[in-house]
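File shown: run_4.txt (compact mmCIF, C-alpha atoms (C1' of nucleotides)).
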# COMPACT_ATOMS: atom_id res chain seq x y z
CA MET M 434 0.33 -10.11 -24.90
CA ALA M 435 1.08 -7.50 -27.46
CA SER M 436 0.21 -8.32 -31.01
CA THR M 437 3.22 -8.69 -33.21
CA SER M 438 1.77 -6.71 -36.01
CA THR M 439 2.38 -3.11 -35.36
CA SER M 440 6.06 -3.38 -34.62
CA PRO M 441 7.77 -3.56 -38.00
CA ARG M 442 9.71 -6.71 -37.24
CA PRO M 443 11.49 -7.72 -34.05
CA ALA M 444 14.66 -9.17 -35.52
CA ARG M 445 13.26 -12.64 -36.22
CA PRO M 446 9.57 -12.76 -35.45
CA ARG M 447 9.24 -16.44 -34.79
CA SER M 448 9.80 -18.21 -38.02
CA PRO M 449 12.74 -20.62 -37.94
CA ARG M 450 13.95 -19.22 -41.21
CA THR M 451 14.06 -15.60 -42.13
CA GLY M 452 16.49 -15.81 -45.00
CA PRO M 453 20.00 -14.58 -45.41
CA ALA M 454 20.02 -10.89 -44.84
CA GLY M 455 16.73 -10.35 -43.10
CA HIS M 456 15.44 -7.34 -44.95
CA GLY M 457 14.82 -6.09 -48.47
CA SER M 458 12.63 -7.41 -51.24
CA ALA M 459 14.23 -10.84 -51.29
CA ASP M 460 13.44 -11.43 -47.68
CA LEU M 461 9.94 -10.12 -48.13
CA ALA M 462 9.43 -12.38 -51.11
CA ASP M 463 10.77 -15.34 -49.25
CA ARG M 464 8.54 -14.91 -46.28
CA LEU M 465 5.54 -14.29 -48.45
CA HIS M 466 6.26 -17.50 -50.25
CA SER M 467 6.58 -19.42 -47.04
CA ALA M 468 3.44 -17.90 -45.58
CA ALA M 469 1.48 -18.83 -48.68
CA ILE M 470 2.63 -22.43 -48.49
CA HIS M 471 1.67 -22.82 -44.88
CA LEU M 472 -1.60 -21.01 -45.29
CA LEU M 473 -2.67 -23.31 -48.07
CA ARG M 474 -1.56 -26.42 -46.26
CA ARG M 475 -3.66 -25.40 -43.37
CA LEU M 476 -6.69 -24.67 -45.50
CA ARG M 477 -6.35 -27.90 -47.36
CA ARG M 478 -6.72 -29.84 -44.16
CA GLU M 479 -9.74 -27.93 -43.00
CA ASP M 480 -11.37 -28.24 -46.30
CA ASP M 481 -11.01 -31.98 -46.55
CA ALA M 482 -13.97 -32.09 -44.22
CA SER M 483 -16.23 -32.61 -47.23
CA GLY M 484 -15.44 -29.43 -49.11
CA LEU M 485 -13.95 -29.12 -52.56
CA PRO M 486 -10.22 -29.04 -53.17
CA ALA M 487 -8.94 -25.51 -53.37
CA PRO M 488 -8.28 -25.33 -57.12
CA GLN M 489 -11.74 -26.63 -57.90
CA LEU M 490 -13.29 -24.13 -55.57
CA SER M 491 -11.27 -21.40 -57.16
CA ALA M 492 -12.33 -22.33 -60.66
CA LEU M 493 -15.93 -22.77 -59.65
CA SER M 494 -15.96 -19.38 -58.06
CA VAL M 495 -14.80 -17.85 -61.33
CA LEU M 496 -17.77 -19.47 -62.99
CA VAL M 497 -20.21 -18.38 -60.34
CA PHE M 498 -19.06 -14.85 -59.83
CA GLY M 499 -17.62 -14.23 -63.25
CA GLY M 500 -21.05 -13.73 -64.73
CA GLY M 501 -22.02 -16.04 -67.52
CA PRO M 502 -20.41 -19.00 -69.22
CA ILE M 503 -16.79 -18.77 -70.25
CA THR M 504 -14.57 -20.90 -72.41
CA LEU M 505 -12.02 -23.31 -71.06
CA GLY M 506 -9.25 -21.19 -72.48
CA GLU M 507 -10.47 -18.12 -70.69
CA LEU M 508 -10.79 -20.07 -67.50
CA ALA M 509 -7.27 -21.43 -67.87
CA LYS M 510 -6.00 -17.92 -68.30
CA ALA M 511 -7.97 -16.63 -65.33
CA GLU M 512 -6.66 -19.43 -63.19
CA GLN M 513 -3.17 -19.14 -64.60
CA VAL M 514 -2.81 -22.78 -65.47
CA ARG M 515 -2.31 -24.76 -68.67
CA PRO M 516 -5.19 -26.03 -70.77
CA PRO M 517 -4.87 -29.69 -69.74
CA THR M 518 -5.04 -28.74 -66.11
CA ILE M 519 -8.31 -26.90 -66.61
CA SER M 520 -9.60 -29.65 -68.80
CA LYS M 521 -9.19 -32.25 -66.07
CA LEU M 522 -10.46 -29.91 -63.44
CA ILE M 523 -13.65 -29.34 -65.37
CA VAL M 524 -14.11 -33.05 -65.85
CA GLU M 525 -14.09 -33.49 -62.12
CA LEU M 526 -16.42 -30.62 -61.46
CA GLU M 527 -18.67 -32.05 -64.12
CA GLN M 528 -18.67 -35.49 -62.54
CA ARG M 529 -19.76 -33.89 -59.32
CA GLY M 530 -22.55 -32.20 -61.15
CA LEU M 531 -21.31 -28.72 -60.34
CA VAL M 532 -20.71 -27.45 -63.84
CA GLU M 533 -22.08 -28.12 -67.28
CA ARG M 534 -20.62 -27.73 -70.74
CA GLU M 535 -22.35 -26.00 -73.54
CA ALA M 536 -21.34 -25.96 -77.15
CA ASP M 537 -20.66 -22.74 -78.97
CA SER M 538 -22.83 -22.64 -82.02
CA ALA M 539 -20.54 -20.33 -83.97
CA ASP M 540 -17.25 -22.07 -83.30
CA ARG M 541 -17.53 -25.74 -82.62
CA ARG M 542 -14.07 -26.04 -81.17
CA VAL M 543 -14.80 -24.03 -78.11
CA VAL M 544 -16.42 -25.34 -74.99
CA ARG M 545 -18.18 -23.05 -72.63
CA VAL M 546 -18.87 -24.00 -69.06
CA HIS M 547 -21.25 -22.67 -66.48
CA ALA M 548 -22.01 -23.57 -62.91
CA THR M 549 -25.14 -25.56 -62.16
CA ALA M 550 -27.52 -24.57 -59.39
CA ARG M 551 -25.93 -27.22 -57.29
CA GLY M 552 -22.53 -25.81 -58.15
CA VAL M 553 -23.55 -22.46 -56.78
CA LYS M 554 -24.90 -24.03 -53.63
CA VAL M 555 -21.86 -26.20 -53.07
CA LEU M 556 -19.60 -23.26 -53.70
CA GLN M 557 -21.23 -21.22 -51.04
CA GLU M 558 -21.28 -24.01 -48.50
CA GLY M 559 -17.75 -25.10 -49.28
CA ARG M 560 -16.53 -21.57 -49.12
CA GLN M 561 -17.97 -21.15 -45.68
CA ARG M 562 -16.54 -24.40 -44.46
CA ARG M 563 -13.17 -23.69 -45.89
CA VAL M 564 -12.79 -20.24 -44.55
CA ALA M 565 -14.33 -21.01 -41.19
CA ALA M 566 -10.97 -21.78 -39.63
CA LEU M 567 -9.45 -18.75 -41.22
CA VAL M 568 -12.29 -16.65 -40.01
CA SER M 569 -11.72 -17.79 -36.47
CA SER M 570 -8.06 -16.89 -36.78
CA LEU M 571 -8.97 -13.54 -38.19
CA ALA M 572 -11.45 -12.99 -35.44
CA ALA M 573 -8.69 -13.65 -32.93
CA LEU M 574 -6.66 -10.82 -34.37
CA SER M 575 -6.76 -7.38 -32.96
CA MET M 576 -8.80 -4.89 -34.89
CA ARG M 577 -5.62 -3.16 -35.91
CA ASP M 578 -4.13 -6.32 -37.33
CA ARG M 579 -7.28 -7.17 -39.18
CA ALA M 580 -7.44 -3.71 -40.65
CA LEU M 581 -3.81 -3.93 -41.61
CA LEU M 582 -4.41 -7.20 -43.38
CA ALA M 583 -7.44 -5.84 -45.16
CA ARG M 584 -5.50 -2.86 -46.40
CA SER M 585 -2.62 -4.95 -47.67
CA LEU M 586 -4.79 -7.48 -49.43
CA PRO M 587 -5.13 -5.53 -52.67
CA VAL M 588 -1.36 -5.36 -52.86
CA LEU M 589 -1.14 -9.04 -52.19
CA GLU M 590 -3.68 -9.76 -54.85
CA ARG M 591 -1.82 -7.72 -57.37
CA ILE M 592 1.44 -9.52 -56.90
CA ALA M 593 -0.30 -12.87 -56.76
CA ARG M 594 -1.63 -12.14 -60.20
CA GLY M 595 1.81 -11.31 -61.40
CA ALA M 596 1.68 -7.56 -61.60
CA GLY M 597 4.92 -6.04 -62.74
CA HIS M 598 5.85 -9.31 -64.24
CA ASP M 599 5.73 -9.09 -67.99
CA MET Z 1468 -2.38 5.87 -62.29
CA ALA Z 1469 -2.98 5.63 -58.59
CA SER Z 1470 -1.91 2.47 -56.88
CA THR Z 1471 -4.82 0.45 -55.65
CA SER Z 1472 -3.32 -0.20 -52.30
CA THR Z 1473 -3.92 2.70 -50.05
CA SER Z 1474 -7.58 3.04 -50.71
CA PRO Z 1475 -9.28 0.39 -48.61
CA ARG Z 1476 -11.04 -1.24 -51.47
CA PRO Z 1477 -12.73 0.32 -54.49
CA ALA Z 1478 -15.80 -1.90 -54.65
CA ARG Z 1479 -14.20 -4.67 -56.71
CA PRO Z 1480 -10.50 -4.06 -57.23
CA ARG Z 1481 -10.04 -6.14 -60.36
CA SER Z 1482 -10.50 -9.71 -59.32
CA PRO Z 1483 -13.34 -11.45 -61.17
CA ARG Z 1484 -14.58 -12.79 -57.86
CA THR Z 1485 -14.72 -10.87 -54.67
CA GLY Z 1486 -17.17 -13.02 -52.81
CA PRO Z 1487 -20.72 -12.51 -51.75
CA ALA Z 1488 -20.98 -9.48 -49.56
CA GLY Z 1489 -17.62 -7.89 -49.99
CA HIS Z 1490 -16.73 -7.16 -46.39
CA GLY Z 1491 -16.22 -8.87 -43.08
CA SER Z 1492 -13.94 -11.67 -42.00
CA ALA Z 1493 -15.41 -14.17 -44.42
CA ASP Z 1494 -14.63 -12.00 -47.37
CA LEU Z 1495 -11.17 -11.31 -46.06
CA ALA Z 1496 -10.55 -15.01 -45.56
CA ASP Z 1497 -11.83 -15.80 -48.99
CA ARG Z 1498 -9.64 -13.32 -50.73
CA LEU Z 1499 -6.65 -14.37 -48.73
CA HIS Z 1500 -7.26 -17.91 -49.78
CA SER Z 1501 -7.55 -16.99 -53.40
CA ALA Z 1502 -4.46 -14.81 -53.31
CA ALA Z 1503 -2.44 -17.61 -51.77
CA ILE Z 1504 -3.50 -20.04 -54.47
CA HIS Z 1505 -2.57 -17.72 -57.26
CA LEU Z 1506 0.64 -16.65 -55.66
CA LEU Z 1507 1.82 -20.22 -55.32
CA ARG Z 1508 0.77 -21.14 -58.81
CA ARG Z 1509 2.78 -18.31 -60.11
CA LEU Z 1510 5.82 -19.23 -58.08
CA ARG Z 1511 5.59 -22.84 -59.07
CA ARG Z 1512 5.90 -21.93 -62.69
CA GLU Z 1513 8.86 -19.65 -62.16
CA ASP Z 1514 10.57 -22.18 -60.06
CA ASP Z 1515 10.28 -25.02 -62.52
CA ALA Z 1516 13.19 -23.41 -64.25
CA SER Z 1517 15.49 -25.84 -62.45
CA GLY Z 1518 14.62 -24.99 -58.86
CA LEU Z 1519 13.15 -27.27 -56.27
CA PRO Z 1520 9.43 -27.70 -55.76
CA ALA Z 1521 8.10 -25.38 -53.12
CA PRO Z 1522 7.48 -27.91 -50.34
CA GLN Z 1523 10.96 -29.33 -50.71
CA LEU Z 1524 12.46 -25.90 -50.60
CA SER Z 1525 10.44 -25.14 -47.53
CA ALA Z 1526 11.55 -28.26 -45.72
CA LEU Z 1527 15.15 -27.80 -46.77
CA SER Z 1528 15.15 -24.29 -45.48
CA VAL Z 1529 14.01 -25.51 -42.10
CA LEU Z 1530 17.01 -27.80 -42.08
CA VAL Z 1531 19.40 -25.12 -43.20
CA PHE Z 1532 18.23 -22.26 -41.06
CA GLY Z 1533 16.81 -24.27 -38.19
CA GLY Z 1534 20.25 -24.91 -36.82
CA GLY Z 1535 21.30 -28.51 -36.48
CA PRO Z 1536 19.72 -31.83 -37.38
CA ILE Z 1537 16.13 -32.44 -36.46
CA THR Z 1538 13.95 -35.51 -36.41
CA LEU Z 1539 11.38 -36.30 -39.04
CA GLY Z 1540 8.64 -35.83 -36.52
CA GLU Z 1541 9.80 -32.38 -35.62
CA LEU Z 1542 10.09 -31.52 -39.27
CA ALA Z 1543 6.60 -32.77 -39.93
CA LYS Z 1544 5.32 -30.59 -37.17
CA ALA Z 1545 7.23 -27.57 -38.37
CA GLU Z 1546 5.89 -28.06 -41.85
CA GLN Z 1547 2.43 -28.88 -40.63
CA VAL Z 1548 2.10 -32.09 -42.57
CA ARG Z 1549 1.66 -35.74 -41.67
CA PRO Z 1550 4.57 -38.09 -41.11
CA PRO Z 1551 4.25 -39.98 -44.41
CA THR Z 1552 4.38 -36.75 -46.33
CA ILE Z 1553 7.64 -35.76 -44.72
CA SER Z 1554 8.97 -39.24 -45.12
CA LYS Z 1555 8.55 -39.16 -48.88
CA LEU Z 1556 9.77 -35.63 -49.10
CA ILE Z 1557 12.97 -36.53 -47.35
CA VAL Z 1558 13.49 -39.51 -49.62
CA GLU Z 1559 13.39 -37.18 -52.57
CA LEU Z 1560 15.71 -34.65 -51.03
CA GLU Z 1561 18.02 -37.51 -50.17
CA GLN Z 1562 18.02 -38.84 -53.70
CA ARG Z 1563 19.06 -35.43 -54.86
CA GLY Z 1564 21.88 -35.46 -52.38
CA LEU Z 1565 20.59 -32.44 -50.50
CA VAL Z 1566 20.01 -34.00 -47.12
CA GLU Z 1567 21.42 -36.92 -45.17
CA ARG Z 1568 20.02 -39.09 -42.44
CA GLU Z 1569 21.78 -39.82 -39.25
CA ALA Z 1570 20.81 -42.35 -36.65
CA ASP Z 1571 20.14 -41.33 -33.11
CA SER Z 1572 22.38 -43.36 -30.85
CA ALA Z 1573 20.10 -43.11 -27.85
CA ASP Z 1574 16.80 -43.93 -29.50
CA ARG Z 1575 17.11 -46.06 -32.56
CA ARG Z 1576 13.64 -45.35 -33.80
CA VAL Z 1577 14.28 -41.75 -34.56
CA VAL Z 1578 15.86 -40.47 -37.73
CA ARG Z 1579 17.57 -37.14 -37.80
CA VAL Z 1580 18.22 -35.29 -41.00
CA HIS Z 1581 20.56 -32.49 -41.88
CA ALA Z 1582 21.28 -30.60 -45.05
CA THR Z 1583 24.41 -31.42 -46.99
CA ALA Z 1584 26.77 -28.74 -48.24
CA ARG Z 1585 25.16 -29.15 -51.60
CA GLY Z 1586 21.78 -28.81 -49.98
CA VAL Z 1587 22.75 -25.47 -48.57
CA LYS Z 1588 24.05 -24.30 -51.90
CA VAL Z 1589 21.04 -25.48 -53.84
CA LEU Z 1590 18.74 -23.90 -51.32
CA GLN Z 1591 20.32 -20.53 -51.73
CA GLU Z 1592 20.37 -20.68 -55.49
CA GLY Z 1593 16.86 -22.05 -55.70
CA ARG Z 1594 15.60 -19.47 -53.32
CA GLN Z 1595 16.98 -16.68 -55.40
CA ARG Z 1596 15.62 -18.09 -58.58
CA ARG Z 1597 12.24 -18.69 -57.06
CA VAL Z 1598 11.76 -15.34 -55.54
CA ALA Z 1599 13.27 -13.43 -58.42
CA ALA Z 1600 9.92 -12.92 -60.09
CA LEU Z 1601 8.34 -11.98 -56.82
CA VAL Z 1602 11.12 -9.58 -56.14
CA SER Z 1603 10.55 -7.85 -59.42
CA SER Z 1604 6.88 -7.54 -58.62
CA LEU Z 1605 7.70 -6.18 -55.23
CA ALA Z 1606 10.14 -3.76 -56.72
CA ALA Z 1607 7.39 -2.50 -58.97
CA LEU Z 1608 5.29 -1.59 -55.98
CA SER Z 1609 5.30 1.84 -54.52
CA MET Z 1610 7.29 2.26 -51.36
CA ARG Z 1611 4.07 2.66 -49.46
CA ASP Z 1612 2.69 -0.59 -50.74
CA ARG Z 1613 5.87 -2.43 -50.00
CA ALA Z 1614 5.94 -1.05 -46.51
CA LEU Z 1615 2.33 -1.99 -46.05
CA LEU Z 1616 3.04 -5.52 -47.11
CA ALA Z 1617 6.06 -5.75 -44.85
CA ARG Z 1618 4.06 -4.59 -41.91
CA SER Z 1619 1.27 -7.03 -42.51
CA LEU Z 1620 3.53 -10.01 -43.04
CA PRO Z 1621 3.84 -10.94 -39.39
CA VAL Z 1622 0.08 -11.06 -39.19
CA LEU Z 1623 -0.05 -13.17 -42.29
CA GLU Z 1624 2.54 -15.50 -40.88
CA ARG Z 1625 0.64 -15.92 -37.71
CA ILE Z 1626 -2.57 -16.91 -39.36
CA ALA Z 1627 -0.73 -19.12 -41.82
CA ARG Z 1628 0.62 -21.03 -38.85
CA GLY Z 1629 -2.85 -21.38 -37.48
CA ALA Z 1630 -2.83 -18.88 -34.65
CA GLY Z 1631 -6.11 -18.75 -32.82
CA HIS Z 1632 -6.86 -22.17 -34.07
CA ASP Z 1633 -6.53 -24.67 -31.28
C1' DA J 1489 -12.08 -25.14 -103.65
C1' DT J 1490 -8.41 -26.91 -101.57
C1' DC J 1491 -4.72 -27.21 -98.59
C1' DA J 1492 -1.49 -25.15 -95.07
C1' DG J 1493 -1.40 -23.13 -90.77
C1' DA J 1494 -3.42 -21.60 -86.47
C1' DT J 1495 -6.43 -22.41 -82.50
C1' DA J 1496 -9.35 -25.04 -78.77
C1' DG J 1497 -9.52 -28.92 -76.24
C1' DT J 1498 -8.34 -33.61 -75.13
C1' DT J 1499 -5.59 -37.71 -74.21
C1' DA J 1500 -1.67 -40.07 -72.51
C1' DC J 1501 1.86 -40.06 -69.42
C1' DC J 1502 4.86 -38.25 -65.85
C1' DT J 1503 6.03 -36.02 -61.24
C1' DT J 1504 4.90 -34.30 -56.83
C1' DA J 1505 2.00 -33.39 -52.62
C1' DG J 1506 -1.08 -34.69 -49.49
C1' DC J 1507 -3.93 -38.04 -46.91
C1' DT J 1508 -5.37 -42.59 -44.16
C1' DA J 1509 -4.61 -47.24 -42.88
C1' DA J 1510 -1.74 -50.71 -41.82
C1' DC J 1511 2.71 -52.12 -40.86
C1' DT J 1512 7.71 -52.71 -38.46
C1' DA J 1513 10.85 -51.62 -35.03
C1' DA J 1514 12.10 -49.82 -30.81
C1' DT J 1515 11.19 -47.93 -26.35
C1' DA J 1516 8.41 -47.42 -22.05
C1' DA J 1517 5.28 -49.14 -18.60
C1' DT J 1518 3.05 -52.45 -15.85
C1' DA C 800 7.56 -60.52 -19.88
C1' DT C 801 3.94 -58.74 -21.91
C1' DT C 802 1.52 -54.76 -23.27
C1' DA C 803 1.15 -50.14 -24.85
C1' DT C 804 3.16 -46.19 -27.01
C1' DT C 805 5.99 -43.88 -30.20
C1' DA C 806 8.85 -43.05 -34.72
C1' DG C 807 8.98 -43.93 -39.29
C1' DT C 808 7.80 -46.45 -43.39
C1' DT C 809 5.00 -48.72 -46.96
C1' DA C 810 0.97 -49.23 -49.71
C1' DG C 811 -2.57 -47.26 -52.00
C1' DC C 812 -5.59 -43.44 -52.91
C1' DT C 813 -6.90 -38.53 -54.84
C1' DA C 814 -5.62 -34.51 -56.91
C1' DA C 815 -2.80 -30.69 -59.10
C1' DG C 816 0.38 -29.48 -62.22
C1' DG C 817 3.25 -30.06 -66.37
C1' DT C 818 4.74 -31.46 -71.58
C1' DA C 819 4.06 -33.86 -75.85
C1' DA C 820 1.24 -35.49 -79.11
C1' DC C 821 -3.24 -35.83 -80.90
C1' DT C 822 -8.15 -34.51 -83.03
C1' DA C 823 -11.20 -31.30 -84.67
C1' DT C 824 -12.33 -27.04 -86.29
C1' DC C 825 -11.59 -22.72 -88.26
C1' DT C 826 -8.91 -19.20 -91.23
C1' DG C 827 -6.38 -17.69 -95.06
C1' DA C 828 -3.87 -18.18 -99.29
C1' DT C 829 -3.61 -19.44 -103.48
For the file at hand, write its structure as structure tokens.
Amino acid sequence: MASTSTSPRPARPRSPRTGPAGHGSADLADRLHSAAIHLLRRLRREDDASGLPAPQLSALSVLVFGGGPITLGELAKAEQVRPPTISKLIVELEQRGLVEREADSADRRVVRVHATARGVKVLQEGRQRRVAALVSSLAALSMRDRALLARSLPVLERIARGAGHD
Amino acid sequence: MASTSTSPRPARPRSPRTGPAGHGSADLADRLHSAAIHLLRRLRREDDASGLPAPQLSALSVLVFGGGPITLGELAKAEQVRPPTISKLIVELEQRGLVEREADSADRRVVRVHATARGVKVLQEGRQRRVAALVSSLAALSMRDRALLARSLPVLERIARGAGHD
DNA sequence: ATCAGATAGTTACCTTAGCTAACTAATAAT
DNA sequence: ATTATTAGTTAGCTAAGGTAACTATCTGAT
């Protein structure tokens, strides 16, 4: 059957809730919100098969691909969470042997963290495991839909980061 | 400056992590995952300003827009979570006076829930509050980007629901 | 040189979301 | 009637997120 993507929106696609009006930024925002919730719920379940929880994976990937050790404060900012949240998160990653702390010689308040070799390995494996289900969904899409998604991702990423916010 | 959206992807848009290769379904999945995490984190913070937590809002909106009372099992399925999760969630919504249970006369095992008048009201207010920040981000997008996002949403929704999964 | 303020993290404590396992209660099947 | 199945709940776990209050260090005035 025809993919739903190319038609702009057939009244109410299939979601049980489309919001009040059905068009405009509010509706868009609402559906985006809902889609994000369900996407993450789905990924969380897949990932429980021995992967890392999503926030830990996310933080670890900052460490691995961010190039070099960074401070907890920088990490908190990158991950858009409060210091205590990062603090705990790092403790857990540390207990799993995936990251290590290093002291800053100049300023002894700051703590820098970097991924261990095992952290890098686990990240890559976990990433694969986690996205495997997504990949199969993506593979099931038509080329057009996949291309559409790929093109809209930068936009998505910008608003996820809070562009146009303050 | 030019919006980043229309160009497919300028090497590394601005995210500190783009993944290993930088193309293919795995990369797409990875970035989608990351975007969803950050989007929800952002919304959670906005919403704490007196709104409901995201999962509660999501469940409530199923009740409000789903048309008529539904059983906990159906709700669990709609929300893609396990029964105990829904059970607790409903308890909380109930304590806030936003939903009510009703017994099924035919089968006394099942519990149906429906939103109260207050539930409907709170949903609408909460929804507005929650998406307000998103709306402002969306409003800051170019028309092209917004249209792009709108077109890709049905695809996003499908994969969020697990299409092509099993 | 000291002492007030700012900054980086941590600790303690709370709420919520999600899960599995084990349970109760009710219905369906043999 | 007994057994099996189904709907929800309870108990107990892990983890993410937050605020408030704390320690430790650094910076800047005086």
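Here the question is which of Z:Ala1607, Z:Val1558, Z:Val1598, Z:Ala1573 gets nearest to DT1515 of chain J using all atoms listed in the file, and that residue is Z:Ala1573.
Compared by their closest atoms to chain C, and using only C-alpha atoms (C1' of nucleotides), the residues Z:Leu1560, Z:Glu1546, Z:Val1578, Z:Leu1499 rank with Z:Val1578 nearest.
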### Message
Which residue is closest to chain Z? Choose from J:DA1500, J:DA1514, J:DA1509, J:DA1494 and count all atoms listed in the file.
### Response
J:DA1514
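With all atoms listed in the file as the atoms that count, the minimum distance from chain M to the choices J:DT1518, J:DT1503, J:DT1498, J:DT1508 is reached by J:DT1498.
Selecting chain C residues within 7 Å of chain M and counting only C-alpha atoms (C1' of nucleotides) yields DG816, DA823 and DT824 of chain C.
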